[in-house]
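Student: upload-v3.tsv is the file, holding TSV, C-alpha atoms and all ligand atoms:
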```
chain	number	residue	atom	x	y	z
L	8	MET	CA	0.00	0.00	0.00
L	9	VAL	CA	1.60	3.24	-1.13
L	10	LYS	CA	0.06	6.67	-0.78
L	11	ALA	CA	1.36	9.36	-3.16
L	12	VAL	CA	0.49	13.05	-3.08
L	13	VAL	CA	0.99	15.62	-5.83
L	14	ALA	CA	1.13	19.26	-4.65
L	15	GLY	CA	0.47	21.56	-7.58
L	16	ALA	CA	-1.58	18.78	-9.19
L	17	ALA	CA	-3.73	20.96	-11.46
L	18	GLY	CA	-0.80	22.61	-13.24
L	19	GLY	CA	1.06	21.99	-16.47
L	20	ILE	CA	3.30	19.38	-14.84
L	21	GLY	CA	0.84	18.39	-12.13
L	22	GLN	CA	-1.83	16.97	-14.43
L	23	PRO	CA	0.29	14.67	-16.61
L	24	LEU	CA	2.37	13.73	-13.56
L	25	SER	CA	-0.79	12.76	-11.68
L	26	LEU	CA	-1.91	10.72	-14.69
L	27	LEU	CA	1.41	8.84	-14.80
L	28	LEU	CA	1.26	8.18	-11.04
L	29	LYS	CA	-2.33	6.92	-11.44
L	30	LEU	CA	-0.94	4.42	-13.96
L	31	ASN	CA	1.72	3.19	-11.50
L	32	PRO	CA	0.39	-0.14	-10.16
L	33	LEU	CA	2.39	0.20	-6.92
L	34	ILE	CA	0.40	3.29	-5.88
L	35	THR	CA	-2.85	2.49	-4.07
L	36	GLU	CA	-3.85	5.99	-2.96
L	37	LEU	CA	-3.27	9.23	-4.85
L	38	SER	CA	-4.15	12.62	-3.33
L	39	LEU	CA	-4.10	15.68	-5.54
L	40	TYR	CA	-3.61	19.05	-3.86
L	41	ASP	CA	-3.69	22.45	-5.56
L	42	VAL	CA	-5.06	25.91	-4.84
L	43	VAL	CA	-7.40	25.49	-7.86
L	44	ASN	CA	-9.09	22.74	-9.93
L	45	SER	CA	-7.68	19.68	-8.14
L	46	PRO	CA	-11.09	18.11	-7.39
L	47	GLY	CA	-11.94	18.09	-11.11
L	48	VAL	CA	-8.60	16.59	-12.10
L	49	ALA	CA	-9.09	13.96	-9.39
L	50	VAL	CA	-12.57	12.94	-10.55
L	51	ASP	CA	-11.32	12.68	-14.14
L	52	LEU	CA	-8.38	10.45	-13.18
L	53	SER	CA	-10.49	8.41	-10.77
L	54	HIS	CA	-12.33	6.80	-13.71
L	55	ILE	CA	-9.15	5.04	-14.89
L	56	ASN	CA	-9.23	1.36	-13.92
L	57	THR	CA	-5.92	1.17	-12.05
L	58	PRO	CA	-5.59	0.51	-8.29
L	59	ALA	CA	-4.88	4.04	-7.02
L	60	GLN	CA	-7.88	5.63	-5.31
L	61	VAL	CA	-7.80	9.31	-6.25
L	62	LYS	CA	-9.03	12.28	-4.20
L	63	GLY	CA	-8.71	16.02	-4.84
L	64	PHE	CA	-8.10	18.68	-2.18
L	65	LEU	CA	-8.24	22.49	-2.11
L	66	PRO	CA	-6.85	24.74	0.66
L	67	GLU	CA	-10.26	25.03	2.39
L	68	ASN	CA	-10.80	22.94	5.53
L	69	ASN	CA	-7.08	22.39	6.04
L	70	GLY	CA	-6.97	20.67	2.63
L	71	ALA	CA	-3.18	20.50	2.33
L	72	GLU	CA	-2.78	18.53	5.56
L	73	GLU	CA	-5.85	16.41	4.81
L	74	ALA	CA	-4.30	15.50	1.43
L	75	LEU	CA	-0.93	14.75	3.02
L	76	LYS	CA	-2.09	12.61	5.98
L	77	GLY	CA	-0.39	9.21	5.80
L	78	ALA	CA	1.55	10.04	2.60
L	79	ASP	CA	4.52	7.85	1.72
L	80	ILE	CA	5.72	10.11	-1.07
L	81	VAL	CA	4.95	13.72	-1.98
L	82	VAL	CA	5.86	15.10	-5.39
L	83	ILE	CA	5.87	18.90	-5.65
L	84	PRO	CA	5.47	20.78	-8.95
L	85	ALA	CA	3.70	23.76	-7.27
L	86	GLY	CA	4.74	27.23	-8.34
L	87	VAL	CA	5.28	29.62	-11.19
L	88	PRO	CA	7.16	28.54	-14.33
L	89	ARG	CA	9.53	30.69	-16.42
L	90	LYS	CA	8.71	32.95	-19.33
L	91	PRO	CA	11.28	33.86	-22.03
L	92	GLY	CA	14.04	36.08	-20.67
L	93	MET	CA	13.74	34.80	-17.09
L	94	THR	CA	16.32	32.77	-15.20
L	95	ARG	CA	15.28	30.07	-12.75
L	96	ASP	CA	16.54	32.35	-10.00
L	97	ASP	CA	13.77	34.79	-10.99
L	98	LEU	CA	11.38	32.08	-9.73
L	99	PHE	CA	12.54	32.47	-6.14
L	100	VAL	CA	9.01	33.81	-5.56
L	101	ASN	CA	8.17	30.09	-5.29
L	102	ALA	CA	10.10	29.88	-2.01
L	103	GLY	CA	7.01	30.97	-0.05
L	104	ILE	CA	4.86	28.23	-1.62
L	105	CYS	CA	7.58	25.69	-0.85
L	106	ALA	CA	7.86	26.82	2.77
L	107	THR	CA	4.07	26.52	3.24
L	108	LEU	CA	4.04	23.03	1.74
L	109	ALA	CA	7.07	21.99	3.80
L	110	GLN	CA	5.25	23.05	6.97
L	111	ALA	CA	2.16	21.08	5.96
L	112	ILE	CA	4.34	18.01	5.30
L	113	ALA	CA	6.09	18.45	8.67
L	114	ASN	CA	2.68	18.54	10.36
L	115	ALA	CA	0.88	15.79	8.45
L	116	ALA	CA	3.41	13.46	6.80
L	117	PRO	CA	6.81	13.86	8.48
L	118	LYS	CA	8.05	10.46	7.26
L	119	ALA	CA	7.17	10.99	3.59
L	120	PHE	CA	9.73	11.03	0.80
L	121	ILE	CA	9.70	14.59	-0.58
L	122	LEU	CA	10.47	15.15	-4.26
L	123	VAL	CA	10.91	18.83	-5.10
L	124	ILE	CA	10.31	19.87	-8.71
L	125	SER	CA	9.46	23.56	-8.04
L	126	ASN	CA	12.16	25.93	-9.25
L	127	PRO	CA	14.71	27.19	-8.52
L	128	VAL	CA	15.55	23.67	-7.28
L	129	ASN	CA	19.04	24.80	-6.22
L	130	SER	CA	17.34	27.04	-3.61
L	131	THR	CA	13.93	25.43	-2.99
L	132	VAL	CA	15.45	22.20	-1.64
L	133	PRO	CA	17.31	24.16	1.11
L	134	VAL	CA	14.04	26.04	1.80
L	135	PHE	CA	12.30	22.68	2.42
L	136	ALA	CA	15.15	21.48	4.61
L	137	GLU	CA	15.16	24.59	6.80
L	138	VAL	CA	11.39	24.52	7.43
L	139	LEU	CA	11.49	20.79	8.21
L	140	LYS	CA	14.46	21.30	10.57
L	141	LYS	CA	12.54	23.95	12.53
L	142	SER	CA	9.71	21.44	13.05
L	143	GLY	CA	12.08	18.62	14.01
L	144	ALA	CA	10.86	16.67	10.97
L	145	TYR	CA	13.98	16.79	8.79
L	146	ASP	CA	15.40	13.55	7.49
L	147	PRO	CA	17.95	14.37	4.74
L	148	LYS	CA	17.64	10.81	3.41
L	149	ARG	CA	14.05	11.61	2.40
L	150	LEU	CA	14.41	14.98	0.67
L	151	PHE	CA	15.21	15.01	-3.07
L	152	GLY	CA	15.58	17.78	-5.63
L	153	VAL	CA	14.36	16.28	-8.90
L	154	THR	CA	17.07	16.72	-11.55
L	155	THR	CA	15.95	13.72	-13.58
L	156	LEU	CA	14.93	15.85	-16.57
L	157	ASP	CA	18.58	16.83	-17.06
L	158	VAL	CA	19.51	13.13	-17.16
L	159	VAL	CA	16.65	12.38	-19.56
L	160	ARG	CA	17.73	15.24	-21.85
L	161	ALA	CA	21.38	14.14	-21.72
L	162	ALA	CA	20.46	10.65	-22.93
L	163	THR	CA	18.27	12.04	-25.71
L	164	PHE	CA	20.75	14.65	-26.98
L	165	VAL	CA	23.81	12.37	-26.72
L	166	SER	CA	22.17	9.51	-28.61
L	167	SER	CA	21.15	11.97	-31.31
L	168	VAL	CA	24.65	13.47	-31.70
L	169	VAL	CA	26.12	9.96	-31.80
L	170	GLY	CA	23.74	9.24	-34.69
L	171	LYS	CA	21.71	6.64	-32.76
L	172	PRO	CA	18.53	8.49	-31.77
L	173	LEU	CA	16.53	5.26	-31.64
L	174	ASP	CA	18.88	4.05	-28.89
L	175	ALA	CA	18.02	7.00	-26.60
L	176	PRO	CA	16.51	4.69	-23.93
L	177	LYS	CA	19.78	2.70	-23.75
L	178	TYR	CA	21.92	5.76	-22.96
L	179	ASN	CA	22.92	6.61	-19.42
L	180	VAL	CA	24.74	9.94	-19.13
L	181	PRO	CA	25.15	10.99	-15.49
L	182	VAL	CA	24.41	14.66	-14.75
L	183	VAL	CA	25.61	16.10	-11.44
L	184	GLY	CA	25.79	19.53	-9.78
L	185	GLY	CA	22.54	21.49	-9.68
L	186	HIS	CA	19.56	22.36	-11.84
L	187	SER	CA	20.25	25.59	-13.74
L	188	GLY	CA	22.64	26.61	-16.51
L	189	ALA	CA	26.27	26.25	-15.50
L	190	THR	CA	25.39	24.24	-12.38
L	191	ILE	CA	24.15	21.40	-14.65
L	192	LEU	CA	27.22	19.23	-15.22
L	193	PRO	CA	26.77	16.38	-17.73
L	194	LEU	CA	29.53	13.80	-17.40
L	195	LEU	CA	29.96	12.95	-21.08
L	196	THR	CA	33.11	10.92	-20.39
L	197	GLN	CA	31.03	8.56	-18.22
L	198	SER	CA	28.34	7.98	-20.84
L	199	GLU	CA	27.24	4.40	-21.34
L	200	PRO	CA	27.41	3.43	-24.15
L	201	GLN	CA	30.57	5.52	-24.56
L	202	ILE	CA	30.54	8.58	-26.78
L	203	PRO	CA	33.03	7.99	-29.65
L	204	ALA	CA	36.36	9.80	-29.16
L	205	ALA	CA	35.86	11.54	-32.51
L	206	ILE	CA	32.92	13.42	-30.98
L	207	LEU	CA	34.41	13.95	-27.51
L	208	ASN	CA	37.63	15.33	-29.04
L	209	ASP	CA	35.76	17.64	-31.42
L	210	GLN	CA	35.67	20.72	-29.20
L	211	ALA	CA	32.88	22.49	-31.10
L	212	LYS	CA	30.63	19.42	-31.06
L	213	ARG	CA	31.34	18.73	-27.41
L	214	ASP	CA	30.68	22.33	-26.36
L	215	ALA	CA	27.40	22.40	-28.29
L	216	LEU	CA	26.26	19.15	-26.68
L	217	ILE	CA	27.08	20.38	-23.17
L	218	LYS	CA	25.36	23.71	-23.83
L	219	ARG	CA	22.23	21.99	-25.12
L	220	ILE	CA	22.00	19.82	-21.98
L	221	GLN	CA	22.68	22.79	-19.67
L	222	PHE	CA	20.14	25.01	-21.43
L	223	GLY	CA	17.55	22.44	-22.55
L	224	GLY	CA	15.01	24.13	-20.29
L	225	ASP	CA	15.47	27.43	-22.17
L	226	GLU	CA	14.86	25.64	-25.47
L	227	VAL	CA	11.37	24.67	-24.23
L	228	VAL	CA	10.65	28.06	-22.62
L	229	GLU	CA	11.47	29.81	-25.91
L	230	ALA	CA	9.47	27.35	-28.01
L	231	LYS	CA	6.42	27.78	-25.74
L	232	ASN	CA	6.87	31.54	-26.15
L	233	GLY	CA	5.26	32.70	-22.92
L	234	GLY	CA	3.15	29.57	-22.41
L	235	GLY	CA	5.36	28.16	-19.67
L	236	SER	CA	8.25	25.70	-19.48
L	237	ALA	CA	8.73	21.95	-19.80
L	238	THR	CA	5.66	20.14	-18.49
L	239	LEU	CA	5.22	16.81	-20.33
L	240	SER	CA	8.90	15.78	-20.33
L	241	MET	CA	9.08	16.88	-16.69
L	242	ALA	CA	6.01	14.86	-15.79
L	243	GLN	CA	7.60	11.76	-17.35
L	244	ALA	CA	10.92	12.41	-15.60
L	245	GLY	CA	9.21	13.08	-12.26
L	246	ALA	CA	7.01	9.99	-12.45
L	247	HIS	CA	10.05	7.88	-13.38
L	248	PHE	CA	12.04	9.19	-10.42
L	249	ALA	CA	9.08	8.74	-8.06
L	250	ASN	CA	8.75	5.16	-9.26
L	251	LEU	CA	12.43	4.46	-8.50
L	252	VAL	CA	12.04	5.87	-4.96
L	253	ILE	CA	8.89	3.75	-4.44
L	254	GLN	CA	10.51	0.61	-5.86
L	255	ALA	CA	13.52	1.03	-3.58
L	256	ALA	CA	11.45	1.77	-0.47
L	257	PHE	CA	8.56	-0.65	-0.90
L	258	ALA	CA	9.76	-3.35	-3.30
L	259	GLY	CA	13.40	-3.68	-2.14
L	260	LYS	CA	14.77	-2.71	-5.57
L	261	THR	CA	17.91	-0.64	-5.04
L	262	THR	CA	18.98	1.70	-7.86
L	263	VAL	CA	21.56	4.41	-8.48
L	264	VAL	CA	20.25	7.74	-9.79
L	265	GLN	CA	21.32	11.36	-9.65
L	266	SER	CA	19.43	13.73	-7.40
L	267	TYR	CA	20.09	17.07	-5.69
L	268	ILE	CA	20.38	16.24	-2.00
L	269	ASP	CA	21.88	17.29	1.32
L	270	LEU	CA	25.40	15.86	1.33
L	271	GLU	CA	24.94	14.99	5.00
L	272	ALA	CA	22.27	12.45	4.07
L	273	ALA	CA	24.84	9.63	4.02
L	274	PRO	CA	28.54	9.27	4.89
L	275	GLY	CA	29.58	9.30	1.19
L	276	GLY	CA	28.71	13.00	1.06
L	277	LYS	CA	32.02	13.91	2.69
L	278	GLY	CA	33.86	12.08	-0.09
L	279	VAL	CA	31.93	14.09	-2.71
L	280	GLN	CA	32.83	17.35	-0.94
L	281	LYS	CA	36.48	16.28	-1.25
L	282	GLU	CA	36.02	15.51	-4.95
L	283	ILE	CA	34.39	18.88	-5.66
L	284	GLY	CA	36.88	20.75	-3.44
L	285	SER	CA	34.11	22.52	-1.54
L	286	ASP	CA	31.95	22.13	1.55
L	287	LEU	CA	28.73	22.87	-0.38
L	288	ALA	CA	25.82	21.47	1.61
L	289	TYR	CA	23.77	20.39	-1.43
L	290	PHE	CA	24.79	18.85	-4.73
L	291	SER	CA	23.25	16.55	-7.29
L	292	VAL	CA	25.16	13.33	-6.86
L	293	ASN	CA	25.01	9.62	-7.56
L	294	VAL	CA	22.52	8.39	-4.98
L	295	GLU	CA	21.89	4.77	-4.11
L	296	LEU	CA	18.21	4.52	-3.23
L	297	GLY	CA	17.10	2.08	-0.56
L	298	ARG	CA	14.30	1.41	1.93
L	299	ASP	CA	14.79	4.73	3.73
L	300	GLY	CA	15.58	6.88	0.72
L	301	VAL	CA	19.23	7.87	0.33
L	302	GLN	CA	21.10	4.70	1.29
L	303	ASN	CA	24.50	5.73	0.06
L	304	ILE	CA	26.15	8.64	-1.74
L	305	LEU	CA	28.54	7.38	-4.38
L	306	PRO	CA	31.59	9.22	-5.71
L	307	ILE	CA	31.39	11.34	-8.86
L	308	GLY	CA	34.33	9.28	-10.11
L	309	ASN	CA	36.81	9.99	-12.89
L	310	ILE	CA	36.26	13.13	-14.93
L	311	ASP	CA	38.54	14.79	-17.48
L	312	ASP	CA	40.10	18.27	-17.42
L	313	GLN	CA	37.22	19.93	-19.25
L	314	GLU	CA	34.72	18.43	-16.81
L	315	LYS	CA	36.91	19.61	-13.91
L	316	THR	CA	36.68	23.18	-15.26
L	317	LEU	CA	32.89	22.88	-15.59
L	318	LEU	CA	32.73	21.45	-12.07
L	319	ALA	CA	34.53	24.49	-10.65
L	320	ALA	CA	32.02	26.78	-12.44
L	321	ALA	CA	29.08	24.75	-11.11
L	322	VAL	CA	30.36	24.88	-7.54
L	323	LYS	CA	30.92	28.64	-7.76
L	324	GLU	CA	27.37	29.32	-8.95
L	325	LEU	CA	25.68	26.88	-6.57
L	326	GLY	CA	27.01	28.41	-3.33
L	327	PRO	CA	24.95	31.65	-3.41
L	328	SER	CA	21.79	29.81	-4.59
L	329	ILE	CA	22.01	27.41	-1.65
L	330	GLU	CA	22.65	30.28	0.76
L	331	LYS	CA	19.61	32.16	-0.57
L	332	GLY	CA	17.42	29.13	0.17
L	333	VAL	CA	18.92	28.57	3.62
L	334	GLN	CA	18.44	32.25	4.58
L	335	PHE	CA	14.85	32.48	3.29
L	336	THR	CA	12.43	33.51	6.03
L	337	PRO	CA	8.84	32.56	5.30
L	338	ALA	CA	6.26	35.32	5.85
L	339	PRO	CA	4.26	34.77	9.05
L	340	PRO	CA	0.95	32.98	8.42
L	341	LYS	CA	-2.07	35.24	7.74
L	342	LEU	CA	-4.36	35.52	10.78
B	1	LIG	N1	12.86	20.41	-11.62
B	1	LIG	C1	12.68	20.51	-12.92
B	1	LIG	O1	13.40	19.89	-13.71
B	1	LIG	C2	11.54	21.32	-13.47
B	1	LIG	C3	11.13	21.13	-14.79
B	1	LIG	C4	10.06	21.88	-15.26
B	1	LIG	C5	9.42	22.80	-14.43
B	1	LIG	N2	9.85	22.95	-13.16
B	1	LIG	C6	9.19	23.89	-12.24
B	1	LIG	O2	7.95	23.32	-11.79
B	1	LIG	C7	7.07	24.37	-11.37
B	1	LIG	C8	5.66	24.15	-11.96
B	1	LIG	O3	5.69	24.28	-13.34
B	1	LIG	P1	4.33	24.16	-14.21
B	1	LIG	O4	4.70	24.32	-15.61
B	1	LIG	O5	3.59	22.94	-13.78
B	1	LIG	O6	3.55	25.47	-13.69
B	1	LIG	P2	1.96	25.73	-13.70
B	1	LIG	O7	1.77	27.17	-13.43
B	1	LIG	O8	1.36	25.15	-14.93
B	1	LIG	O9	1.43	24.87	-12.47
B	1	LIG	C9	1.77	25.18	-11.15
B	1	LIG	C10	0.62	24.77	-10.26
B	1	LIG	O10	0.97	25.07	-8.91
B	1	LIG	C11	-0.23	25.49	-8.26
B	1	LIG	N3	0.06	26.20	-7.02
B	1	LIG	C12	0.40	27.49	-6.84
B	1	LIG	N4	0.54	27.75	-5.51
B	1	LIG	C13	0.31	26.60	-4.87
B	1	LIG	C14	0.30	26.22	-3.50
B	1	LIG	N5	0.57	27.10	-2.53
B	1	LIG	N6	0.00	24.94	-3.19
B	1	LIG	C15	-0.28	24.04	-4.16
B	1	LIG	N7	-0.30	24.34	-5.47
B	1	LIG	C16	-0.01	25.61	-5.81
B	1	LIG	C17	-0.94	26.34	-9.30
B	1	LIG	O11	-2.32	26.54	-8.99
B	1	LIG	C18	-0.70	25.53	-10.56
B	1	LIG	O12	-1.76	24.61	-10.78
B	1	LIG	C19	7.74	25.67	-11.82
B	1	LIG	O13	8.39	26.28	-10.71
B	1	LIG	C20	8.76	25.21	-12.85
B	1	LIG	O14	9.83	26.09	-13.00
B	1	LIG	C21	10.90	22.24	-12.67
B	2	LIG	O1	13.61	25.60	-17.66
B	2	LIG	C1	12.76	25.72	-16.78
B	2	LIG	O2	12.48	26.82	-16.28
B	2	LIG	C2	11.99	24.53	-16.31
B	2	LIG	C3	12.85	23.37	-15.92
B	2	LIG	O3	13.75	23.70	-14.91
B	2	LIG	C4	13.55	22.71	-17.08
B	2	LIG	O4	14.73	22.36	-16.95
B	2	LIG	O5	12.90	22.49	-18.10
```
Go ahead and render the structure in this file as structure tokens.
Tutor:
Amino acid sequence: MVKAVVAGAAGGIGQPLSLLLKLNPLITELSLYDVVNSPGVAVDLSHINTPAQVKGFLPENNGAEEALKGADIVVIPAGVPRKPGMTRDDLFVNAGICATLAQAIANAAPKAFILVISNPVNSTVPVFAEVLKKSGAYDPKRLFGVTTLDVVRAATFVSSVVGKPLDAPKYNVPVVGGHSGATILPLLTQSEPQIPAAILNDQAKRDALIKRIQFGGDEVVEAKNGGGSATLSMAQAGAHFANLVIQAAFAGKTTVVQSYIDLEAAPGGKGVQKEIGSDLAYFSVNVELGRDGVQNILPIGNIDDQEKTLLAAAVKELGPSIEKGVQFTPAPPKL
């Protein structure tokens, strides 16, 4: 029996994400929370003949906590998306929404796995952590910034440049660091299958590939031309990541994925701080998922000189974004 909650369930990501979770046979209860339209989305999905029993909740009558009660996993795509010309940092207005949801989770579902999609992920994950800490409900093993879309894009773009687009599902290209521009660090030298040396050694091709992975989000924002950012690809990536967390926790199926987490979640975090030459508190790393969430943090491993330069740039940009999230003070609740 697994209860999943989507917060921001009526939005561009929320709706297809909720659909994909409804199709997950491991989920038996699915609660959809949003400030608008969630009951309608819930009734619609509830007609699908899969096990999950779906209910929709609005803020009235303490709806957030009612939705969250007994949750095993909460996936959060609540908040404003980008328009052309904006950076993810311009979305820091979402910090308040994240703080409110974190408090509701602390009150109603303190043991839930928390998967943060809301941008700017580099800052919103620390916002969640700080609110949970204040309520004594923080377990770093259970808090994840969802960076899966970067990994999905890396596999797609690499397989295409290699000339094997139909093999996209077979590609695994780790992406570490954070989730915005220069903080997104694709480890092309660790790609499996390997990227041919002729491509890796072609500086122009390699730079273009890295740039496309780092700025894939902008590609969608520009194409949607004011209509928002990635929603469908994000829903797929988010549902995939949620499924891996559920499989590890409830079906004993351990996996290694990348996610943006607190490096204190497991002892391996100290080793990563050594590798990156910094005491950054959060970083997207290779995470071994287990019954309690983060079971182990694995090393970044061998990277070449170009990746080392990109790593230094990622570390430099991440520091202030993390600090901004840590220092955020939520507005006092309205009386
Ligand atoms: N992590 C990633 O890789 C990634 C990828 C794509 C988008 N995003 C981010 O996800 C967020 C959502 O994007 P979208 O396209 O779905 O936006 P959207 O505007 O379509 O949907 C957001 C939803 O959040 C709801 N919401 C607002 N305040 C809320 C609150 N306090 N509680 C619950 N729900 C609330 C809105 O009513 C809306 O339905 C954005 O911040 C976007 O930047 C992250
Ligand atoms: O680009 C955005 O603003 C949304 C998301 O972070 C993405 O990577 O698509």
Student: Return the single residue from L:Leu251, L:Val82, L:Ala11, L:Val228 that is closest to ligand LIG 2 (chain B), with distances computed using only C-alpha atoms and all ligand atoms.
Tutor: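 Among L:Leu251, L:Val82, L:Ala11, L:Val228, it is L:Val228 that comes nearest to ligand LIG 2 (chain B).
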Student: Please return as a ChimeraX atom specification the residues found within 10 Å of ligand LIG 2 (chain B), counting only C-alpha atoms and all ligand atoms.
Tutor: /L:87-91,93-98,124-128,153-157,160,186-188,191,220-229,235-241
Student: Please work out which residues fall within 7 Å of (24.7, 5.6, -8.1), coordinates as given in the file, with only C-alpha atoms counting, and return them as a PyMOL selection string.
Tutor: chain L and resi 262-265+293-295+305
Student: Atom CA of L:Pro46 and atom CA of L:Phe64 are how many Å apart?
Tutor: 6.0 Å
Student: When you look at L:Gly184 with a cut-off of 9 Å (counting all atoms listed in the file), what residues show up, excluding the ones that are within fewer than 5 positions of it in the same chain? I need them as a list in words.
Tutor: Ala189, Thr190, Ile191, Leu192, Pro193, Ser266, Tyr267, Tyr289, Phe290, Ser291, Val292, Leu318, Ala321, Val322 and Leu325 of chain L
Student: For C-alpha atoms, I'd like the residues from the last selection saved as a compact mmCIF listing (two decimals), in the coordinates of the input.
Tutor:
```
# COMPACT_ATOMS: atom_id res chain seq x y z
CA ALA L 189 26.27 26.25 -15.50
CA THR L 190 25.39 24.24 -12.38
CA ILE L 191 24.15 21.40 -14.65
CA LEU L 192 27.22 19.23 -15.22
CA PRO L 193 26.77 16.38 -17.73
CA SER L 266 19.43 13.73 -7.40
CA TYR L 267 20.09 17.07 -5.69
CA TYR L 289 23.77 20.39 -1.43
CA PHE L 290 24.79 18.85 -4.73
CA SER L 291 23.25 16.55 -7.29
CA VAL L 292 25.16 13.33 -6.86
CA LEU L 318 32.73 21.45 -12.07
CA ALA L 321 29.08 24.75 -11.11
CA VAL L 322 30.36 24.88 -7.54
CA LEU L 325 25.68 26.88 -6.57
```
Student: Starting from 8 Å padding per side, set up an axis-aligned box that covers all listed atoms of ligand LIG 1 (chain B) and hand over centre and edge lengths in Å, one decimal, as lines of an AutoDock Vina configuration file.
Tutor:
```
center_x = 5.5
center_y = 23.8
center_z = -9.1
size_x = 31.7
size_y = 23.9
size_z = 29.1
```
Student: Using only C-alpha atoms, which residue out of L:Val132, L:Leu28, L:Ile20, L:Ile283 lies closest to L:Lys331?
Tutor: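 The answer is L:Val132, which sits nearest to L:Lys331.
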Student: Is there a way to get, as an mmCIF file with C-alpha atoms, in the frame of the given file, all residues within 7 Å of the point (16.3, 30.8, -4.4) in file coordinates, counting all atoms listed in the file?
Tutor:
```
data_model
loop_
_atom_site.group_PDB
_atom_site.id
_atom_site.type_symbol
_atom_site.label_atom_id
_atom_site.label_comp_id
_atom_site.auth_asym_id
_atom_site.auth_seq_id
_atom_site.Cartn_x
_atom_site.Cartn_y
_atom_site.Cartn_z
ATOM 1 C CA ASP L 96 16.540 32.350 -10.000
ATOM 2 C CA PHE L 99 12.540 32.470 -6.140
ATOM 3 C CA ALA L 102 10.100 29.880 -2.010
ATOM 4 C CA PRO L 127 14.710 27.190 -8.520
ATOM 5 C CA ASN L 129 19.040 24.800 -6.220
ATOM 6 C CA SER L 130 17.340 27.040 -3.610
ATOM 7 C CA THR L 131 13.930 25.430 -2.990
ATOM 8 C CA SER L 328 21.790 29.810 -4.590
ATOM 9 C CA LYS L 331 19.610 32.160 -0.570
ATOM 10 C CA GLY L 332 17.420 29.130 0.170
#
```
Student: For L:Asp41, list every protein, DNA or RNA residue within 6 Å, evaluated using only C-alpha atoms, and leave out those in the same chain fewer than 6 positions away; present the list as a count of residues only.
Tutor: 4
Student: Excluding L:Pro181 and residues on its chain fewer than 3 positions from it, collect all residues at most 8 Å away from it, counting only C-alpha atoms, and give them as a list in words.
Tutor: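 The residues that qualify are Val158, Ala161, Pro193, Leu194, Leu195, Gln197, Ser198 and Gln265 of chain L.
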Student: List the spatial neighbours of L:Gly300 as an MDAnalysis selection string - criterion: any atom at most 8 Å away, all atoms listed in the file, same-chain residues fewer than 6 positions off excluded.
Tutor: chainID L and resid 120 148:149 252 255:256
Student: Please save C-alpha atoms of the selected residues as a PDB file, keeping the file's coordinate frame.
Tutor:
```
ATOM      1  CA  PHE L 120       9.730  11.030   0.800  1.00  0.00           C
ATOM      2  CA  LYS L 148      17.640  10.810   3.410  1.00  0.00           C
ATOM      3  CA  ARG L 149      14.050  11.610   2.400  1.00  0.00           C
ATOM      4  CA  VAL L 252      12.040   5.870  -4.960  1.00  0.00           C
ATOM      5  CA  ALA L 255      13.520   1.030  -3.580  1.00  0.00           C
ATOM      6  CA  ALA L 256      11.450   1.770  -0.470  1.00  0.00           C
TER       7      ALA L 256
END
```
Student: Would you compute the distance between atom CA of L:Ile34 and atom CA of L:Arg298? Give it in Å to one decimal.
Tutor: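 One can read the atom CA of L:Ile34 to atom CA of L:Arg298 distance as 16.1 Å.
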Student: Would you please work out which residue, of L:Ala273, L:Val159, L:Val12, L:Val48, is nearest to L:Ala115 when using only C-alpha atoms?
Tutor: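 Counting only C-alpha atoms, the residue closest to L:Ala115 is L:Val12.
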Student: Could you tell me how far atom CA of L:Asp79 lies from atom C15 of ligand LIG 1 (chain B), in Å and to one decimal?
Tutor: 17.9 Å
Student: Nearest to ligand LIG 1 (chain B): which of L:Tyr145, L:Tyr178, L:Phe164, L:Phe248 is it, counting all atoms listed in the file?
Tutor: L:Phe248
Student: List the spatial neighbours of L:Gly63 as a PDB file with C-alpha atoms, in the coordinates of the input - criterion: any atom at most 9 Å away, all atoms listed in the file, same-chain residues fewer than 6 positions off excluded.
Tutor:
```
ATOM      1  CA  ALA L  16      -1.580  18.780  -9.190  1.00  0.00           C
ATOM      2  CA  LEU L  37      -3.270   9.230  -4.850  1.00  0.00           C
ATOM      3  CA  SER L  38      -4.150  12.620  -3.330  1.00  0.00           C
ATOM      4  CA  LEU L  39      -4.100  15.680  -5.540  1.00  0.00           C
ATOM      5  CA  TYR L  40      -3.610  19.050  -3.860  1.00  0.00           C
ATOM      6  CA  ASP L  41      -3.690  22.450  -5.560  1.00  0.00           C
ATOM      7  CA  ASN L  44      -9.090  22.740  -9.930  1.00  0.00           C
ATOM      8  CA  SER L  45      -7.680  19.680  -8.140  1.00  0.00           C
ATOM      9  CA  PRO L  46     -11.090  18.110  -7.390  1.00  0.00           C
ATOM     10  CA  GLY L  47     -11.940  18.090 -11.110  1.00  0.00           C
ATOM     11  CA  VAL L  48      -8.600  16.590 -12.100  1.00  0.00           C
ATOM     12  CA  ALA L  49      -9.090  13.960  -9.390  1.00  0.00           C
ATOM     13  CA  VAL L  50     -12.570  12.940 -10.550  1.00  0.00           C
ATOM     14  CA  GLY L  70      -6.970  20.670   2.630  1.00  0.00           C
ATOM     15  CA  ALA L  74      -4.300  15.500   1.430  1.00  0.00           C
TER      16      ALA L  74
END
```
Student: Nearest to L:Asn250: which of L:Lys177, L:Lys140, L:Lys29, L:Lys315 is it, counting only C-alpha atoms?
Tutor: L:Lys29
Student: Between L:Leu108, L:Val333, L:Ala230, L:Ala319, which is the closest to ligand LIG 1 (chain B) once you count only C-alpha atoms and all ligand atoms?
Tutor: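 The shortest atom-to-atom distance to ligand LIG 1 (chain B) comes from L:Leu108.
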